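What follows is the content of coords-v8.cif (mmCIF, C-alpha atoms and all ligand atoms).
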```
data_entry
#
loop_
_atom_site.label_atom_id
_atom_site.label_comp_id
_atom_site.auth_asym_id
_atom_site.auth_seq_id
_atom_site.Cartn_x
_atom_site.Cartn_y
_atom_site.Cartn_z
CA MET A 1 80.73 10.22 71.68
CA LYS A 2 81.15 12.59 74.63
CA SER A 3 82.05 16.16 73.77
CA PHE A 4 83.73 18.74 75.92
CA VAL A 5 84.54 22.41 75.61
CA VAL A 6 88.16 23.21 76.38
CA ALA A 7 89.35 26.79 76.71
CA ILE A 8 92.97 27.83 76.99
CA SER A 9 93.11 31.37 78.33
CA GLY A 10 96.07 33.71 78.65
CA ALA A 11 97.67 32.47 81.84
CA SER A 12 101.01 30.80 82.23
CA GLY A 13 100.86 27.00 82.05
CA SER A 14 99.47 26.61 78.55
CA ILE A 15 101.11 23.16 78.40
CA TYR A 16 98.44 21.93 80.83
CA GLY A 17 95.69 22.88 78.38
CA ILE A 18 97.50 21.23 75.50
CA ARG A 19 98.09 18.00 77.45
CA LEU A 20 94.44 18.01 78.54
CA VAL A 21 93.29 18.18 74.90
CA GLU A 22 95.66 15.31 74.00
CA GLU A 23 94.25 13.16 76.80
CA LEU A 24 90.61 13.94 76.00
CA LEU A 25 91.20 12.96 72.39
CA LYS A 26 92.74 9.68 73.59
CA THR A 27 89.53 8.92 75.51
CA GLU A 28 87.70 9.34 72.19
CA ALA A 29 85.97 12.49 73.28
CA PHE A 30 85.19 15.27 70.83
CA VAL A 31 86.84 18.55 71.78
CA HIS A 32 85.49 22.03 71.07
CA LEU A 33 88.51 24.23 71.63
CA CYS A 34 88.76 27.98 72.14
CA ILE A 35 92.16 29.58 72.61
CA SER A 36 92.21 33.27 73.55
CA SER A 37 94.39 35.67 71.54
CA THR A 38 96.79 36.10 74.46
CA ALA A 39 96.93 32.34 74.97
CA PHE A 40 98.05 31.79 71.35
CA SER A 41 101.15 33.89 72.00
CA ILE A 42 101.76 32.38 75.46
CA ILE A 43 101.56 28.86 73.96
CA GLU A 44 104.24 29.88 71.48
CA THR A 45 106.45 31.51 74.13
CA GLU A 46 106.15 28.67 76.64
CA THR A 47 106.09 25.60 74.39
CA GLY A 48 107.37 26.73 70.98
CA ILE A 49 104.15 25.39 69.42
CA SER A 50 102.45 27.73 66.94
CA LEU A 51 98.71 27.14 66.69
CA SER A 52 97.60 30.56 65.46
CA GLY A 53 96.58 31.41 61.93
CA LYS A 54 95.58 34.45 59.92
CA THR A 55 91.99 33.21 60.03
CA ALA A 56 90.08 30.95 62.41
CA LYS A 57 89.94 28.26 59.68
CA GLU A 58 93.71 28.43 59.23
CA ALA A 59 94.19 28.09 63.01
CA GLU A 60 91.78 25.15 63.06
CA LYS A 61 93.80 23.35 60.37
CA LYS A 62 97.00 23.88 62.37
CA ILE A 63 95.27 22.68 65.54
CA GLN A 64 93.89 19.53 63.86
CA LYS A 65 97.35 18.85 62.43
CA HIS A 66 99.08 19.39 65.76
CA PHE A 67 96.72 17.05 67.62
CA ALA A 68 96.61 14.65 64.64
CA SER A 69 92.84 14.45 65.02
CA ARG A 70 89.67 15.51 63.29
CA GLU A 71 87.74 15.01 66.53
CA ILE A 72 88.51 18.59 67.39
CA ARG A 73 86.96 21.85 66.26
CA SER A 74 88.33 25.21 67.22
CA TYR A 75 86.73 28.62 67.35
CA SER A 76 87.97 32.15 67.60
CA GLU A 77 87.31 33.80 70.95
CA HIS A 78 85.43 36.45 68.95
CA ASN A 79 83.02 33.92 67.43
CA LEU A 80 79.99 34.34 69.66
CA ALA A 81 77.91 32.44 67.11
CA ALA A 82 79.88 29.21 67.64
CA PRO A 83 77.76 26.18 68.68
CA VAL A 84 79.12 26.21 72.25
CA SER A 85 77.65 29.69 72.64
CA SER A 86 74.18 28.14 72.91
CA GLY A 87 72.68 25.98 75.63
CA SER A 88 70.84 24.00 72.95
CA PHE A 89 74.20 22.57 71.87
CA ILE A 90 74.82 19.67 74.24
CA THR A 91 78.23 19.03 75.79
CA GLU A 92 79.33 17.15 78.90
CA GLY A 93 80.91 20.26 80.31
CA MET A 94 83.84 22.62 80.04
CA PHE A 95 87.44 22.96 81.19
CA VAL A 96 89.30 26.29 81.32
CA VAL A 97 92.96 25.29 81.62
CA PRO A 98 94.82 27.42 82.47
CA CYS A 99 92.35 30.08 83.57
CA SER A 100 93.60 33.67 83.76
CA MET A 101 92.32 36.00 86.46
CA LYS A 102 90.62 38.05 83.76
CA THR A 103 88.70 35.05 82.42
CA LEU A 104 87.95 33.93 86.01
CA SER A 105 86.45 37.35 86.69
CA GLY A 106 84.46 37.31 83.45
CA ILE A 107 82.96 33.91 84.34
CA ALA A 108 82.31 34.81 87.99
CA ASN A 109 80.47 37.95 86.98
CA GLY A 110 78.55 36.63 83.98
CA TYR A 111 80.39 39.05 81.71
CA ALA A 112 80.15 36.94 78.57
CA ASN A 113 82.35 39.18 76.46
CA ASN A 114 84.10 36.50 74.40
CA LEU A 115 83.43 32.88 73.47
CA ILE A 116 85.30 31.45 76.48
CA GLU A 117 83.25 33.50 78.93
CA ARG A 118 80.00 32.90 77.02
CA ALA A 119 80.54 29.13 76.78
CA ALA A 120 81.28 29.00 80.52
CA ASP A 121 78.15 31.09 81.18
CA VAL A 122 76.15 28.57 79.15
CA VAL A 123 77.64 25.55 80.96
CA LEU A 124 76.81 27.23 84.29
CA LYS A 125 73.22 28.12 83.39
CA GLU A 126 72.62 24.63 82.01
CA GLY A 127 73.97 23.04 85.21
CA ARG A 128 76.80 21.21 83.43
CA LYS A 129 80.27 20.48 84.77
CA LEU A 130 82.65 23.46 84.78
CA ILE A 131 86.27 22.94 85.81
CA LEU A 132 88.67 25.87 86.08
CA ALA A 133 92.43 25.77 86.64
CA PRO A 134 93.13 29.35 87.82
CA ARG A 135 96.81 30.34 87.61
CA GLU A 136 98.27 33.33 89.37
CA MET A 137 100.79 33.83 92.16
CA PRO A 138 99.98 35.19 94.65
CA PHE A 139 96.17 35.47 94.58
CA SER A 140 94.53 38.76 95.60
CA ALA A 141 91.31 38.91 97.61
CA ILE A 142 89.49 39.70 94.33
CA HIS A 143 90.78 36.48 92.76
CA LEU A 144 89.88 34.46 95.86
CA GLU A 145 86.40 36.00 96.07
CA ASN A 146 85.76 35.13 92.42
CA MET A 147 86.88 31.54 93.05
CA LEU A 148 84.72 31.24 96.18
CA LYS A 149 81.69 32.61 94.34
CA LEU A 150 82.11 30.06 91.56
CA SER A 151 82.86 27.21 93.96
CA ARG A 152 79.57 27.94 95.75
CA LEU A 153 77.83 27.65 92.38
CA GLY A 154 79.24 24.15 91.93
CA VAL A 155 82.22 25.02 89.75
CA THR A 156 85.33 22.92 90.40
CA ILE A 157 88.32 25.10 91.20
CA ALA A 158 91.35 22.96 90.33
CA PRO A 159 94.44 25.16 90.39
CA PRO A 160 97.52 23.67 88.70
CA VAL A 161 99.30 22.92 91.97
CA PRO A 162 101.62 19.91 91.67
CA ALA A 163 102.23 17.42 94.47
CA PHE A 164 105.61 15.84 95.09
CA TYR A 165 104.73 12.55 96.79
CA GLN A 166 104.93 10.96 93.35
CA LYS A 167 108.62 12.02 93.19
CA PRO A 168 108.35 13.60 89.73
CA LYS A 169 111.47 13.10 87.62
CA ASP A 170 110.84 15.90 85.18
CA LEU A 171 108.44 18.56 83.97
CA ASN A 172 106.47 15.97 82.07
CA ASP A 173 105.65 14.11 85.31
CA ILE A 174 104.50 17.37 86.90
CA VAL A 175 102.29 18.28 83.93
CA ASN A 176 100.85 14.75 83.85
CA PHE A 177 100.03 14.86 87.56
CA VAL A 178 98.18 18.18 87.28
CA VAL A 179 96.29 17.16 84.13
CA GLY A 180 95.47 13.76 85.64
CA LYS A 181 93.96 15.47 88.69
CA ILE A 182 91.92 17.74 86.41
CA LEU A 183 90.62 14.67 84.53
CA ASP A 184 89.79 13.07 87.91
CA CYS A 185 87.60 16.10 88.67
CA ALA A 186 85.57 15.26 85.56
CA GLY A 187 85.41 11.57 86.47
CA LEU A 188 87.43 10.62 83.37
CA THR A 189 89.84 7.70 83.41
CA HIS A 190 93.49 8.18 82.54
CA ASN A 191 96.90 6.72 83.02
CA LEU A 192 98.84 9.88 83.69
CA PHE A 193 100.23 9.05 87.11
CA ARG A 194 100.49 6.22 89.57
CA ARG A 195 97.92 6.52 92.33
CA TRP A 196 99.00 6.77 95.93
CA ASP A 197 98.71 3.65 98.02
CA GLU A 198 99.95 3.16 101.55
CA ASN A 199 102.54 0.59 100.48
CA GLN A 200 104.18 3.06 98.14
CA SER A 201 107.76 3.67 99.23
CA GLY A 202 110.90 5.36 97.88
C1 LIG B 1 103.56 35.63 79.19
C2 LIG B 1 102.31 36.00 79.94
C3 LIG B 1 101.95 35.28 81.06
C4 LIG B 1 100.80 35.60 81.77
N1 LIG B 1 100.47 34.84 82.85
C5 LIG B 1 99.32 35.09 83.52
C6 LIG B 1 98.92 34.23 84.59
O1 LIG B 1 99.58 33.26 84.95
N2 LIG B 1 97.73 34.52 85.19
C7 LIG B 1 96.93 35.57 84.83
O2 LIG B 1 95.87 35.75 85.40
N3 LIG B 1 97.31 36.39 83.82
C8 LIG B 1 98.46 36.18 83.14
N4 LIG B 1 98.83 37.00 82.10
C9 LIG B 1 98.01 38.17 81.78
C10 LIG B 1 96.80 37.78 80.90
O3 LIG B 1 97.25 37.20 79.69
C11 LIG B 1 95.92 39.01 80.60
O4 LIG B 1 95.26 39.42 81.77
C12 LIG B 1 94.92 38.75 79.50
O5 LIG B 1 94.10 39.89 79.37
C13 LIG B 1 94.07 37.54 79.78
O6 LIG B 1 93.10 37.43 78.76
P1 LIG B 1 92.32 36.08 78.47
O7 LIG B 1 91.92 35.53 79.78
O8 LIG B 1 91.16 36.52 77.64
O9 LIG B 1 93.25 35.19 77.72
C14 LIG B 1 99.99 36.69 81.36
C15 LIG B 1 100.36 37.42 80.23
C16 LIG B 1 101.49 37.08 79.53
C17 LIG B 1 101.85 37.88 78.31
#
```
Kindly present the structure from the file in structure tokens form.
Amino acid sequence: MKSFVVAISGASGSIYGIRLVEELLKTEAFVHLCISSTAFSIIETETGISLSGKTAKEAEKKIQKHFASREIRSYSEHNLAAPVSSGSFITEGMFVVPCSMKTLSGIANGYANNLIERAADVVLKEGRKLILAPREMPFSAIHLENMLKLSRLGVTIAPPVPAFYQKPKDLNDIVNFVVGKILDCAGLTHNLFRRWDENQSG
């Protein structure tokens, strides 16, 4: 079974991270999830879903219940002893969706101050796939420099920018398009949107 690290950091667009986890679990992947403290409250504000708990174990139970799966483990961002903190623990790679500018900076500068940044540092040093969905508007030169630095290191920068040629009917279509494109970046199959072909009309 393939396993992936998924981090949801404190940027707007937490629904993308949640949909990504749902899709990975459908592909029978094992997910190692880390949600930052800020992301827990943003998830609640933006989606109404409460995944936090008084302890990491309590949060994990809520997370397993929400995703109706035991193929998921979750870790506190403060748990630097989690398996994904070590390069000896093998994963296929890592997604940070959405990725805040603070987490982007931490990863770009090797400042492994929490589990998200450390796990990304590990994935980078081990030469595994790292896919970030940075979310901010507008970007400053600092943000862009951090993205360029990471892109040059082989990191995939996949900002959650929807396209409209699919004529999305609702928010769900937009979320599915963005998450589908993120899965494409990892070479994973999905059914989240209809692919463009030249005969596509109206
Ligand atoms: C409701 C809300 C929305 C936010 N949206 C963004 C965002 O889209 N992008 C961003 O870089 N920071 C955003 N922030 C600020 C980050 O949460 C903040 O910089 C935090 O320190 C990020 O920490 P983390 O990356 O460890 O989760 C938002 C904060 C809140 C409360």
- [ ] Can you pull out every residue within 10 Å of region 119-126 of chain A, counting only C-alpha atoms, but drop anything in the same chain fewer than 5 positions away, and send it as a PyMOL selection string?
- [x] chain A and resi 5-7+34+80+82-96+103-104+106-112+114+131-132+150+153-155
List all protein, DNA and RNA residues that have an atom no more than 10 Å from any atom of ligand LIG 1 (chain B), counting only C-alpha atoms and all ligand atoms, and report them as a CSV table (one decimal) with C-alpha atoms, in the frame of the given file.
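result01.csv, written as the output of this step:
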```
chain,number,residue,atom,x,y,z
A,7,ALA,CA,89.4,26.8,76.7
A,8,ILE,CA,93.0,27.8,77.0
A,9,SER,CA,93.1,31.4,78.3
A,10,GLY,CA,96.1,33.7,78.6
A,11,ALA,CA,97.7,32.5,81.8
A,12,SER,CA,101.0,30.8,82.2
A,13,GLY,CA,100.9,27.0,82.0
A,14,SER,CA,99.5,26.6,78.6
A,35,ILE,CA,92.2,29.6,72.6
A,36,SER,CA,92.2,33.3,73.6
A,37,SER,CA,94.4,35.7,71.5
A,38,THR,CA,96.8,36.1,74.5
A,39,ALA,CA,96.9,32.3,75.0
A,40,PHE,CA,98.0,31.8,71.4
A,41,SER,CA,101.2,33.9,72.0
A,42,ILE,CA,101.8,32.4,75.5
A,43,ILE,CA,101.6,28.9,74.0
A,44,GLU,CA,104.2,29.9,71.5
A,45,THR,CA,106.4,31.5,74.1
A,46,GLU,CA,106.2,28.7,76.6
A,77,GLU,CA,87.3,33.8,71.0
A,96,VAL,CA,89.3,26.3,81.3
A,98,PRO,CA,94.8,27.4,82.5
A,99,CYS,CA,92.4,30.1,83.6
A,100,SER,CA,93.6,33.7,83.8
A,101,MET,CA,92.3,36.0,86.5
A,102,LYS,CA,90.6,38.0,83.8
A,103,THR,CA,88.7,35.0,82.4
A,104,LEU,CA,88.0,33.9,86.0
A,105,SER,CA,86.4,37.4,86.7
A,106,GLY,CA,84.5,37.3,83.4
A,113,ASN,CA,82.4,39.2,76.5
A,114,ASN,CA,84.1,36.5,74.4
A,115,LEU,CA,83.4,32.9,73.5
A,116,ILE,CA,85.3,31.4,76.5
A,117,GLU,CA,83.2,33.5,78.9
A,134,PRO,CA,93.1,29.4,87.8
A,135,ARG,CA,96.8,30.3,87.6
A,136,GLU,CA,98.3,33.3,89.4
A,137,MET,CA,100.8,33.8,92.2
A,138,PRO,CA,100.0,35.2,94.6
A,139,PHE,CA,96.2,35.5,94.6
A,143,HIS,CA,90.8,36.5,92.8
```
In Å, with one decimal, what is the gap from CA of Tyr16 (chain A) to CA of Gly127 (chain A)?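 Rounded to one decimal, the two atoms are 24.9 Å apart.
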| request: Calculate how many Å separate CA of Ser50 (chain A) from CA of Asn79 (chain A), rounding to one decimal. | output: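 Separation between CA of Ser50 (chain A) and CA of Asn79 (chain A): 20.4 Å.
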Report as a JSON list (two decimals) with C-alpha atoms, in the coordinates of the input all protein, DNA and RNA residues lying within 12 Å of Pro168 (chain A), evaluated on all atoms listed in the file, omitting residues in the same chain fewer than 3 positions from it.
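Below is the file that was written, result.json:
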```
[["chain", "number", "residue", "atom", "x", "y", "z"],
["A", 162, "PRO", "CA", 101.62, 19.91, 91.67],
["A", 163, "ALA", "CA", 102.23, 17.42, 94.47],
["A", 164, "PHE", "CA", 105.61, 15.84, 95.09],
["A", 165, "TYR", "CA", 104.73, 12.55, 96.79],
["A", 171, "LEU", "CA", 108.44, 18.56, 83.97],
["A", 172, "ASN", "CA", 106.47, 15.97, 82.07],
["A", 173, "ASP", "CA", 105.65, 14.11, 85.31],
["A", 174, "ILE", "CA", 104.50, 17.37, 86.90],
["A", 175, "VAL", "CA", 102.29, 18.28, 83.93],
["A", 176, "ASN", "CA", 100.85, 14.75, 83.85],
["A", 177, "PHE", "CA", 100.03, 14.86, 87.56],
["A", 178, "VAL", "CA", 98.18, 18.18, 87.28],
["A", 192, "LEU", "CA", 98.84, 9.88, 83.69],
["A", 193, "PHE", "CA", 100.23, 9.05, 87.11],
["A", 194, "ARG", "CA", 100.49, 6.22, 89.57],
["A", 202, "GLY", "CA", 110.90, 5.36, 97.88]]
```
Distance query His32 (chain A) at most 6 Å, only C-alpha atoms, self and fewer than 6 positions along chain excluded, as number ranges by chain: A: 5, 72-74
**OP:** Would you kindly return, as number ranges by chain, each protein, DNA or RNA residue with an atom no farther than 10 Å from any atom of Glu60 (chain A), considering all atoms listed in the file and excluding same-chain residues fewer than 2 positions away?
**Re:** A: 33-34, 51-53, 55-58, 62-66, 70, 72-76
Edge lengths and centre in Å to one decimal, as JSON, of the axis-aligned box that encloses all listed atoms of region 157-161 of chain A with 5 Å added on every side?
```
{"center_x": 93.8, "center_y": 24.0, "center_z": 90.3, "size_x": 21.0, "size_y": 12.2, "size_z": 13.3}
```
Quick check, in Å to one decimal: how far apart do CA of Glu28 (chain A) and CA of Lys129 (chain A) lie?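 Straight-line distance from CA of Glu28 (chain A) to CA of Lys129 (chain A) works out to 18.4 Å.
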